[in-house]
Amino acid sequence: MKFWKYIFGILLLMLATAVVALTQLPDGNLHVIACDVGLGDAILITYGKTQILTDGGPDKSVLSCLGKYMPFWDRDVELIISTHPDKDHSSGLIEVVKNYRVGGILINPIDPGTSVYEVLKKEVGGRGIPVISPVAGMRLGVGLIYLDILNPSKELYAKLIINDLNDNMAKYLISRDTNLYSIVYILSFKNFSGFFPGDIPKELSDELSKVVTEGGVNYIKIPHHGSVNGLTENLLKSLVPKVAVISVGKNMWNFPRPEIIDMLARYNVKVLRTDQAGDIRVTTDGTKYWIE
């Protein structure tokens, strides 16, 4: 009797594993998932067997998000984007690099001299992960996904102190204004597009409003967790997004600020917040999109 109970248990386990595997099979759509990592940013983009992770949040909670939305057998992240070295965006990337095989990392070659950045640099270098330095005008293609880099510019890099031109993660030294050097990109997938600005400050937000491509975007990640020192009305009018995602957790600054929420409402933008909704999943087939 015990033998048959054992066999039955094994069969149930195999069936459960098969069901889980079937639910995690690629569905032919692009998924943009703003992970609920508290006061920080971590955005997982998946398409088929391809994963792009933008930032990793303030701690290892990003691993739960990856484990939830990536097939359990898939331990490869094709591209990591570290928008800037602030710890609420980059700390979790250390854990991702330790736990996944990473095909490449797009990261500014600016060294803020923090312990978090030193550890990330050591982990990336120790694993031989290819490092890509972004500059405005660059276009990256990952399958059917295209990333057009809008910031930082050559002019911004020229303002920094040179540290080591041979070090792809620390060519320049920086002690402040890290937000100004945020990697900003527009993602394109067929007819769907999204704007991902890191934590850009107001002056850069206004500057980018002059170069945003005609037609705007469907999706925007609101910079700096909804601070007033981020999204400007000029940029919002240029982008004309339909959906805005705010990655935010408990904080002392009252983020997202009422001024930003009111501005988005004036332009009829649907606002989604991770502190209210948890993980936010926007899915598109390249023509239409929907919120899951």
# chains A, B, ... in the order shown; residues from 1 in each chain; ligands from 1
>>> closest_atom_pairs(of="range 98-185 of chain A", to="range 73-81 of chain A", cutoff="9 Å", atoms="only C-alpha atoms", output="JSON lines")
{"residue": "A:Asn99", "atom": "CA", "partner": "A:Arg75", "partner_atom": "CA", "distance": 7.8}
{"residue": "A:Tyr100", "atom": "CA", "partner": "A:Arg75", "partner_atom": "CA", "distance": 5.2}
{"residue": "A:Arg101", "atom": "CA", "partner": "A:Asp76", "partner_atom": "CA", "distance": 4.7}
{"residue": "A:Val102", "atom": "CA", "partner": "A:Val77", "partner_atom": "CA", "distance": 4.9}
{"residue": "A:Gly103", "atom": "CA", "partner": "A:Glu78", "partner_atom": "CA", "distance": 4.5}
{"residue": "A:Gly104", "atom": "CA", "partner": "A:Leu79", "partner_atom": "CA", "distance": 5.0}
{"residue": "A:Ile105", "atom": "CA", "partner": "A:Ile80", "partner_atom": "CA", "distance": 4.7}
{"residue": "A:Leu106", "atom": "CA", "partner": "A:Ile81", "partner_atom": "CA", "distance": 4.7}
{"residue": "A:Ile107", "atom": "CA", "partner": "A:Ile81", "partner_atom": "CA", "distance": 6.1}
{"residue": "A:Val142", "atom": "CA", "partner": "A:Glu78", "partner_atom": "CA", "distance": 8.3}
{"residue": "A:Ile183", "atom": "CA", "partner": "A:Ile81", "partner_atom": "CA", "distance": 8.2}
>>> write_last_selection(atoms="C-alpha atoms", output="tab-separated table (two decimals), in the first residue's frame")
chain	number	residue	atom	x	y	z
A	99	ASN	CA	21.84	34.09	-9.53
A	100	TYR	CA	21.40	34.32	-13.31
A	101	ARG	CA	23.54	34.06	-16.42
A	102	VAL	CA	23.61	37.58	-17.87
A	103	GLY	CA	24.25	38.12	-21.58
A	104	GLY	CA	25.30	41.75	-21.21
A	105	ILE	CA	24.90	44.87	-19.11
A	106	LEU	CA	24.12	48.35	-20.41
A	107	ILE	CA	25.54	50.69	-17.78
A	142	VAL	CA	17.25	42.28	-28.99
A	183	ILE	CA	19.99	55.98	-19.15
>>> closest_atom_pairs(of="range 65-173 of chain A", to="range 210-234 of chain A", cutoff="12 Å", atoms="only C-alpha atoms", output="JSON lines")
{"residue": "A:Thr83", "atom": "CA", "partner": "A:Pro223", "partner_atom": "CA", "distance": 11.1}
{"residue": "A:His84", "atom": "CA", "partner": "A:His224", "partner_atom": "CA", "distance": 11.6}
{"residue": "A:Asp86", "atom": "CA", "partner": "A:His224", "partner_atom": "CA", "distance": 11.1}
{"residue": "A:Asp88", "atom": "CA", "partner": "A:His224", "partner_atom": "CA", "distance": 10.3}
{"residue": "A:His89", "atom": "CA", "partner": "A:His224", "partner_atom": "CA", "distance": 10.3}
{"residue": "A:Ala136", "atom": "CA", "partner": "A:Val211", "partner_atom": "CA", "distance": 10.8}
{"residue": "A:Gly137", "atom": "CA", "partner": "A:Val211", "partner_atom": "CA", "distance": 10.8}
{"residue": "A:Asp148", "atom": "CA", "partner": "A:Thr213", "partner_atom": "CA", "distance": 10.4}
{"residue": "A:Ile149", "atom": "CA", "partner": "A:Val212", "partner_atom": "CA", "distance": 11.0}
{"residue": "A:Leu150", "atom": "CA", "partner": "A:Val211", "partner_atom": "CA", "distance": 8.3}
{"residue": "A:Asn151", "atom": "CA", "partner": "A:Val211", "partner_atom": "CA", "distance": 10.8}
>>> atom_distance(atom1="CA of Leu264 in chain A", atom2="CA of Ala34 in chain A")
18.4 Å
>>> select_by_dssp(residues="range 110-143 of chain A", states="alpha helix (DSSP H)", output="PyMOL selection string")
chain A and resi 115-126
>>> closest_residue(among="A:Ile260, A:Leu66, A:Ala158, A:Leu93", to="Gly40 in chain A", atoms="only C-alpha atoms")
A:Leu93
>>> residues_around(residues="Ile110 in chain A", least_positions_apart="3", cutoff="9 Å", atoms="only C-alpha atoms", output="PyMOL selection string")
chain A and resi 84-85+107+157+160+163+168-174+178+181
>>> atom_distance(atom1="CA of Ile261 in chain A", atom2="CA of Leu30 in chain A")
26.9 Å
>>> atom_distance(atom1="CA of Gly141 in chain A", atom2="CA of Lys190 in chain A")
12.4 Å
>>> select_by_dssp(residues="range 84-275 of chain A", states="strand (DSSP E)", output="PyMOL selection string")
chain A and resi 101-102+105-107+110-111+131-132+139-142+145-151+161-162+172-173+184-189+192-196+219-221+243-246+270-273
>>> closest_residue(among="A:Leu239, A:Asp279, A:Ser193, A:Val124", to="Val62 in chain A", atoms="only C-alpha atoms")
A:Asp279
